[in-house]
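Asks: Please see the structure below; I have some questions.
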Amino acid sequence: MKLQYIGTAAAEGIPALFCNCDTCREAMRRGGRDLRMRSGAIVNDNLIIDLNPDLYAAKLRFGLDLSGVRNAIITHAHSDHFDRELMGCFTPVCAHIAKTGDQFHLWGSAYTASAWKEYTTTMQMKEPRLEEYVVFHVLKPYEPVEIEGVRITPIKGRHSCPESLIYILEQGDARLFYANDTGPMEEETWAYLSAHSERPFTTISLDSTMGYQQNTYYGHMSLEENIATRKRLLEEGIADENTRFLCHHFSHNARVLQNETEEYMKPYGFMVAYDGLTLDV
């Protein structure tokens with residue numbers, strides 16, 4: 001199973017849009033991996049995780065062919081992860097759809113579905129037939145579905161947005177745990193993971209928004225909380241020595257720059273994700 005990060009920043013991006021702090025200035029000076037678009041990923045080139053506002057920029061930067069993509073799983077309804085207006089680009093005026101009746105499928109929680117419904121209602125004058133081309137499927141926590149040949153299990157996240165989800169993705173021998181925009185996991189989540197760990201995850205991607213800071217916000221994790229989470233995952237057999245761990249989803253407020261964070265996290269068994277990083281998970 002192929003995973004490509006097409007954005008690794010929090011809502012403001014790095015450098016942040018209107019910011020001139022030390023981190024943003026240094027990221028701009030360095031360029032390369034220190035420039036981060038809003039969070040998102042694509043699996044096997046045909047399944048998007050989160051419709052971030054920088055998806056078009058990612059298409060250009062990484063040469064993505066999105067013409068065959070028909071499915072996106074959404075973690076939560078915040079606009080940096082679910083830019084609803086992007087779906088207007090799937091209608092015939094904006095895209096030459098190959099087959100009559102072709103549809104794009106969105107997958108997420110009931111709350112995220114309500115955000116989509118609200119958008120389609122307000123957009124009826126501009127895109128009156130949007131719901132003919134885009135269908136929303138409500139996912140229930142811990143109930144797996146199969147999308148594009150990938151078994152996907154939504155898990156309850158811990159975030160400020162209601163009904164946020166994190167995801168287990170499985171295909172063949174690959175088991176990916178994609179967990180951004182969540183704070184340290186609830187015991188309910190730990191219990192589920194422990195009960196369903198017949199084999200360890202091959203790759204685990206964790207929220208690292210708070211960086212080096214002591215975390216006072218329950219909806220994200222710090223690097224120290226990443227380290228503690230990895231330790232418990234290993235202790236409970238949910239991961240093993242072969243599991244690849246990644247830090248993902250960074251805020252400029254956390255003063256996270258690529259090289260320094262790689263050096264800091266390497267002794268603890270973590271890679272640091274960056275925009276465009278592609279992995280065989």
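Going through the structure tokens in order, the chains are called A, B, and so on, while each chain numbers its residues from 1 and the ligands are numbered from 1 in the order shown.
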As number ranges by chain, which residues of stretch 7-247 of chain A does DSSP assign to strand (DSSP E)?
Replies: A: 7, 40-43, 47-49, 71-73, 104-108, 134-138, 145-147, 150-156, 165-171, 174-179, 203-207, 244-247
Asks: Hey, can you spit out that residue selection with C-alpha atoms as an mmCIF file, in the first residue's frame?
Replies:
```
data_model
loop_
_atom_site.group_PDB
_atom_site.id
_atom_site.type_symbol
_atom_site.label_atom_id
_atom_site.label_comp_id
_atom_site.auth_asym_id
_atom_site.auth_seq_id
_atom_site.Cartn_x
_atom_site.Cartn_y
_atom_site.Cartn_z
ATOM 1 C CA GLY A 7 0.543 18.295 3.141
ATOM 2 C CA GLY A 40 -3.536 15.624 3.579
ATOM 3 C CA ALA A 41 -2.431 12.354 2.003
ATOM 4 C CA ILE A 42 -3.224 10.043 -0.871
ATOM 5 C CA VAL A 43 -3.233 6.230 -0.773
ATOM 6 C CA LEU A 47 -7.854 7.415 -2.308
ATOM 7 C CA ILE A 48 -7.526 10.843 -0.696
ATOM 8 C CA ILE A 49 -7.311 11.359 3.056
ATOM 9 C CA ASN A 71 -13.121 8.614 -3.051
ATOM 10 C CA ALA A 72 -11.974 10.712 -0.092
ATOM 11 C CA ILE A 73 -12.104 9.842 3.595
ATOM 12 C CA PHE A 104 -17.320 11.278 -6.246
ATOM 13 C CA HIS A 105 -17.753 9.600 -2.845
ATOM 14 C CA LEU A 106 -17.033 11.323 0.460
ATOM 15 C CA TRP A 107 -16.726 9.282 3.656
ATOM 16 C CA GLY A 108 -16.826 10.614 7.213
ATOM 17 C CA VAL A 134 -20.971 14.024 -4.989
ATOM 18 C CA VAL A 135 -22.341 11.464 -2.521
ATOM 19 C CA PHE A 136 -21.592 11.457 1.212
ATOM 20 C CA HIS A 137 -21.404 8.140 3.090
ATOM 21 C CA VAL A 138 -21.642 8.226 6.886
ATOM 22 C CA VAL A 145 -15.757 -0.528 5.077
ATOM 23 C CA GLU A 146 -13.867 -1.369 1.898
ATOM 24 C CA ILE A 147 -12.936 1.477 -0.429
ATOM 25 C CA VAL A 150 -8.532 -0.978 1.116
ATOM 26 C CA ARG A 151 -10.206 -2.060 4.351
ATOM 27 C CA ILE A 152 -10.820 1.112 6.352
ATOM 28 C CA THR A 153 -11.843 1.212 9.997
ATOM 29 C CA PRO A 154 -12.811 4.588 11.463
ATOM 30 C CA ILE A 155 -11.742 5.168 15.071
ATOM 31 C CA LYS A 156 -12.898 7.906 17.428
ATOM 32 C CA LEU A 165 -12.201 10.276 13.181
ATOM 33 C CA ILE A 166 -8.800 8.680 12.817
ATOM 34 C CA TYR A 167 -8.319 5.668 10.576
ATOM 35 C CA ILE A 168 -6.898 2.175 10.251
ATOM 36 C CA LEU A 169 -6.152 1.263 6.618
ATOM 37 C CA GLU A 170 -5.330 -2.334 5.662
ATOM 38 C CA GLN A 171 -4.383 -3.941 2.377
ATOM 39 C CA ALA A 174 0.135 -3.454 5.138
ATOM 40 C CA ARG A 175 -1.554 -1.972 8.219
ATOM 41 C CA LEU A 176 -1.520 1.816 8.514
ATOM 42 C CA PHE A 177 -2.747 3.790 11.528
ATOM 43 C CA TYR A 178 -3.331 7.380 10.394
ATOM 44 C CA ALA A 179 -3.976 9.510 13.465
ATOM 45 C CA THR A 203 3.177 2.128 9.806
ATOM 46 C CA ILE A 204 1.824 4.581 12.381
ATOM 47 C CA SER A 205 1.451 8.306 11.648
ATOM 48 C CA LEU A 206 0.797 10.469 14.712
ATOM 49 C CA ASP A 207 -0.343 14.054 15.237
ATOM 50 C CA ARG A 244 7.572 2.580 11.150
ATOM 51 C CA PHE A 245 6.555 5.630 13.221
ATOM 52 C CA LEU A 246 6.096 9.109 11.769
ATOM 53 C CA CYS A 247 5.422 12.563 13.160
#
```
Asks: Compile the contact shell of A:Phe250 as a ChimeraX atom specification: residues with an atom at most 8 Å away, counting only C-alpha atoms, same-chain residues fewer than 5 positions apart removed.
Replies: /A:8-10,207-211,256
Asks: Restricted to all heavy atoms, what would the selected residues look like written as a PDB file, in the first residue's frame?
Replies:
```pdb
ATOM      1  N   THR A   8       1.609  18.563   5.309  1.00  0.00           N
ATOM      2  CA  THR A   8       1.953  18.105   6.660  1.00  0.00           C
ATOM      3  C   THR A   8       1.822  19.202   7.704  1.00  0.00           C
ATOM      4  O   THR A   8       2.301  19.058   8.829  1.00  0.00           O
ATOM      5  CB  THR A   8       3.402  17.554   6.688  1.00  0.00           C
ATOM      6  OG1 THR A   8       4.294  18.546   6.156  1.00  0.00           O
ATOM      7  CG2 THR A   8       3.520  16.273   5.887  1.00  0.00           C
ATOM      8  N   ALA A   9       1.157  20.305   7.371  1.00  0.00           N
ATOM      9  CA  ALA A   9       1.019  21.416   8.314  1.00  0.00           C
ATOM     10  C   ALA A   9      -0.373  21.449   8.927  1.00  0.00           C
ATOM     11  O   ALA A   9      -1.323  20.844   8.421  1.00  0.00           O
ATOM     12  CB  ALA A   9       1.307  22.747   7.621  1.00  0.00           C
ATOM     13  N   ALA A  10      -0.467  22.208  10.000  1.00  0.00           N
ATOM     14  CA  ALA A  10      -1.764  22.516  10.597  1.00  0.00           C
ATOM     15  C   ALA A  10      -2.467  23.581   9.753  1.00  0.00           C
ATOM     16  O   ALA A  10      -2.045  23.903   8.644  1.00  0.00           O
ATOM     17  CB  ALA A  10      -1.558  22.987  12.034  1.00  0.00           C
ATOM     18  N   ASP A 207      -0.242  12.603  15.146  1.00  0.00           N
ATOM     19  CA  ASP A 207      -0.343  14.054  15.237  1.00  0.00           C
ATOM     20  C   ASP A 207       0.791  14.607  16.097  1.00  0.00           C
ATOM     21  O   ASP A 207       1.062  14.103  17.186  1.00  0.00           O
ATOM     22  CB  ASP A 207      -1.688  14.423  15.862  1.00  0.00           C
ATOM     23  CG  ASP A 207      -1.886  15.916  15.984  1.00  0.00           C
ATOM     24  OD1 ASP A 207      -1.302  16.536  16.895  1.00  0.00           O
ATOM     25  OD2 ASP A 207      -2.631  16.466  15.165  1.00  0.00           O
ATOM     26  N   SER A 208       1.454  15.659  15.588  1.00  0.00           N
ATOM     27  CA  SER A 208       2.596  16.256  16.300  1.00  0.00           C
ATOM     28  C   SER A 208       2.479  17.771  16.361  1.00  0.00           C
ATOM     29  O   SER A 208       3.480  18.484  16.457  1.00  0.00           O
ATOM     30  CB  SER A 208       3.905  15.863  15.602  1.00  0.00           C
ATOM     31  OG  SER A 208       3.978  14.479  15.362  1.00  0.00           O
ATOM     32  N   THR A 209       1.257  18.265  16.350  1.00  0.00           N
ATOM     33  CA  THR A 209       0.989  19.690  16.183  1.00  0.00           C
ATOM     34  C   THR A 209       1.708  20.560  17.199  1.00  0.00           C
ATOM     35  O   THR A 209       2.207  21.643  16.869  1.00  0.00           O
ATOM     36  CB  THR A 209      -0.527  19.955  16.269  1.00  0.00           C
ATOM     37  OG1 THR A 209      -1.209  19.108  15.350  1.00  0.00           O
ATOM     38  CG2 THR A 209      -0.857  21.402  15.969  1.00  0.00           C
ATOM     39  N   MET A 210       1.771  20.117  18.447  1.00  0.00           N
ATOM     40  CA  MET A 210       2.283  20.967  19.516  1.00  0.00           C
ATOM     41  C   MET A 210       3.807  20.986  19.596  1.00  0.00           C
ATOM     42  O   MET A 210       4.380  21.769  20.345  1.00  0.00           O
ATOM     43  CB  MET A 210       1.693  20.520  20.853  1.00  0.00           C
ATOM     44  CG  MET A 210       0.176  20.414  20.858  1.00  0.00           C
ATOM     45  SD  MET A 210      -0.678  21.903  20.275  1.00  0.00           S
ATOM     46  CE  MET A 210      -0.305  23.040  21.592  1.00  0.00           C
ATOM     47  N   GLY A 211       4.460  20.123  18.824  1.00  0.00           N
ATOM     48  CA  GLY A 211       5.912  20.146  18.756  1.00  0.00           C
ATOM     49  C   GLY A 211       6.575  19.972  20.103  1.00  0.00           C
ATOM     50  O   GLY A 211       6.221  19.086  20.885  1.00  0.00           O
ATOM     51  N   VAL A 256       8.754  23.961  14.876  1.00  0.00           N
ATOM     52  CA  VAL A 256       9.252  22.704  14.324  1.00  0.00           C
ATOM     53  C   VAL A 256       9.865  22.960  12.951  1.00  0.00           C
ATOM     54  O   VAL A 256       9.170  23.376  12.017  1.00  0.00           O
ATOM     55  CB  VAL A 256       8.118  21.656  14.218  1.00  0.00           C
ATOM     56  CG1 VAL A 256       8.606  20.411  13.512  1.00  0.00           C
ATOM     57  CG2 VAL A 256       7.604  21.304  15.606  1.00  0.00           C
TER      58      VAL A 256
END
```
Asks: When distances are computed from only C-alpha atoms, which of A:Ile238, A:Ile14, A:Met1, A:Cys21 shows the smallest separation from A:Leu279?
Replies: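 The closest residue to A:Leu279 is A:Met1.
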Asks: Just how far from atom CA of A:Thr243 is atom CA of A:Gly269, in Å to one decimal?
Replies: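 Separation of atom CA of A:Gly269 and atom CA of A:Thr243: 9.4 Å.
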Asks: With a distance cut-off of 9 Å and only C-alpha atoms, select the neighbouring residues of A:Gly101, excluding the residue or stretch itself and same-chain residues fewer than 3 positions from it, and output the selection as a PyMOL selection string.
Replies: chain A and resi 97+132-133
Asks: Write the residues of the selection above to a file with N, CA and C atoms, as a PDB file, in the first residue's frame.
Replies:
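Output contents, as saved in out_7.pdb:
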```pdb
ATOM      1  N   ILE A  97     -15.929  14.769 -17.121  1.00  0.00           N
ATOM      2  CA  ILE A  97     -16.133  13.451 -16.531  1.00  0.00           C
ATOM      3  C   ILE A  97     -16.381  12.437 -17.640  1.00  0.00           C
ATOM      4  N   GLU A 132     -25.854  15.520  -7.269  1.00  0.00           N
ATOM      5  CA  GLU A 132     -25.911  14.450  -8.261  1.00  0.00           C
ATOM      6  C   GLU A 132     -24.534  13.844  -8.486  1.00  0.00           C
ATOM      7  N   TYR A 133     -23.509  14.651  -8.286  1.00  0.00           N
ATOM      8  CA  TYR A 133     -22.146  14.217  -8.612  1.00  0.00           C
ATOM      9  C   TYR A 133     -21.315  13.847  -7.392  1.00  0.00           C
TER      10      TYR A 133
END
```
Asks: Between A:Pro53, A:Tyr192, A:Ser197, A:Glu186, single out the one closest to A:Thr229, counting only C-alpha atoms.
Replies: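 For A:Thr229, the nearest of the candidates is A:Glu186.
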Asks: Atom CA of A:His248 to atom CA of A:Met271: how many Å, to one decimal?
Replies: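 Separation of atom CA of A:His248 and atom CA of A:Met271: 9.2 Å.
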Asks: Where in stretch 52-203 of chain A does DSSP assign helix (DSSP H, G or I), given as a PyMOL selection string?
Replies: chain A and resi 55-62+84-90+110-122+130-133+187-195
Asks: Using C-alpha atoms, can you write the selected residues to a file as a PDB file, in the first residue's frame?
Replies:
```pdb
ATOM      1  CA  LEU A  55      -4.909  20.143  -2.925  1.00  0.00           C
ATOM      2  CA  TYR A  56      -4.591  22.018  -6.226  1.00  0.00           C
ATOM      3  CA  ALA A  57      -1.142  23.301  -5.266  1.00  0.00           C
ATOM      4  CA  ALA A  58      -0.157  19.731  -4.335  1.00  0.00           C
ATOM      5  CA  LYS A  59      -1.391  18.503  -7.715  1.00  0.00           C
ATOM      6  CA  LEU A  60       0.976  20.934  -9.423  1.00  0.00           C
ATOM      7  CA  ARG A  61       3.917  20.492  -7.059  1.00  0.00           C
ATOM      8  CA  PHE A  62       3.941  16.688  -7.060  1.00  0.00           C
ATOM      9  CA  ARG A  84     -16.023  21.522   0.733  1.00  0.00           C
ATOM     10  CA  GLU A  85     -15.777  23.961  -2.144  1.00  0.00           C
ATOM     11  CA  LEU A  86     -13.216  21.731  -3.861  1.00  0.00           C
ATOM     12  CA  MET A  87     -15.989  19.316  -4.812  1.00  0.00           C
ATOM     13  CA  GLY A  88     -17.460  21.871  -7.184  1.00  0.00           C
ATOM     14  CA  CYS A  89     -14.396  21.118  -9.330  1.00  0.00           C
ATOM     15  CA  PHE A  90     -15.791  17.617  -9.973  1.00  0.00           C
ATOM     16  CA  ALA A 110     -22.418  12.069  10.728  1.00  0.00           C
ATOM     17  CA  TYR A 111     -21.311  15.506  11.912  1.00  0.00           C
ATOM     18  CA  THR A 112     -19.051  15.916   8.885  1.00  0.00           C
ATOM     19  CA  ALA A 113     -21.971  14.820   6.697  1.00  0.00           C
ATOM     20  CA  SER A 114     -24.093  17.580   8.248  1.00  0.00           C
ATOM     21  CA  ALA A 115     -21.390  20.114   7.367  1.00  0.00           C
ATOM     22  CA  TRP A 116     -21.509  18.840   3.779  1.00  0.00           C
ATOM     23  CA  LYS A 117     -25.303  19.085   3.705  1.00  0.00           C
ATOM     24  CA  GLU A 118     -25.180  22.654   4.987  1.00  0.00           C
ATOM     25  CA  TYR A 119     -22.726  23.538   2.224  1.00  0.00           C
ATOM     26  CA  THR A 120     -24.802  21.997  -0.565  1.00  0.00           C
ATOM     27  CA  THR A 121     -27.834  23.904   0.662  1.00  0.00           C
ATOM     28  CA  THR A 122     -26.042  27.245   0.561  1.00  0.00           C
ATOM     29  CA  LEU A 130     -23.764  19.210  -6.919  1.00  0.00           C
ATOM     30  CA  GLU A 131     -25.470  16.381  -5.018  1.00  0.00           C
ATOM     31  CA  GLU A 132     -25.911  14.450  -8.261  1.00  0.00           C
ATOM     32  CA  TYR A 133     -22.146  14.217  -8.612  1.00  0.00           C
ATOM     33  CA  GLU A 187      -8.930   4.397  26.874  1.00  0.00           C
ATOM     34  CA  GLU A 188     -11.795   3.273  24.622  1.00  0.00           C
ATOM     35  CA  THR A 189      -9.480   3.660  21.641  1.00  0.00           C
ATOM     36  CA  TRP A 190      -6.630   1.853  23.382  1.00  0.00           C
ATOM     37  CA  ALA A 191      -8.989  -1.009  24.245  1.00  0.00           C
ATOM     38  CA  TYR A 192     -10.108  -1.344  20.627  1.00  0.00           C
ATOM     39  CA  LEU A 193      -6.556  -1.293  19.292  1.00  0.00           C
ATOM     40  CA  SER A 194      -5.429  -3.889  21.837  1.00  0.00           C
ATOM     41  CA  ALA A 195      -8.356  -6.170  21.034  1.00  0.00           C
TER      42      ALA A 195
END
```
Asks: In Å, how far is it from atom CA of A:Tyr274 to atom CA of A:Gly32?
Replies: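 One can read the atom CA of A:Tyr274 to atom CA of A:Gly32 distance as 9.2 Å.
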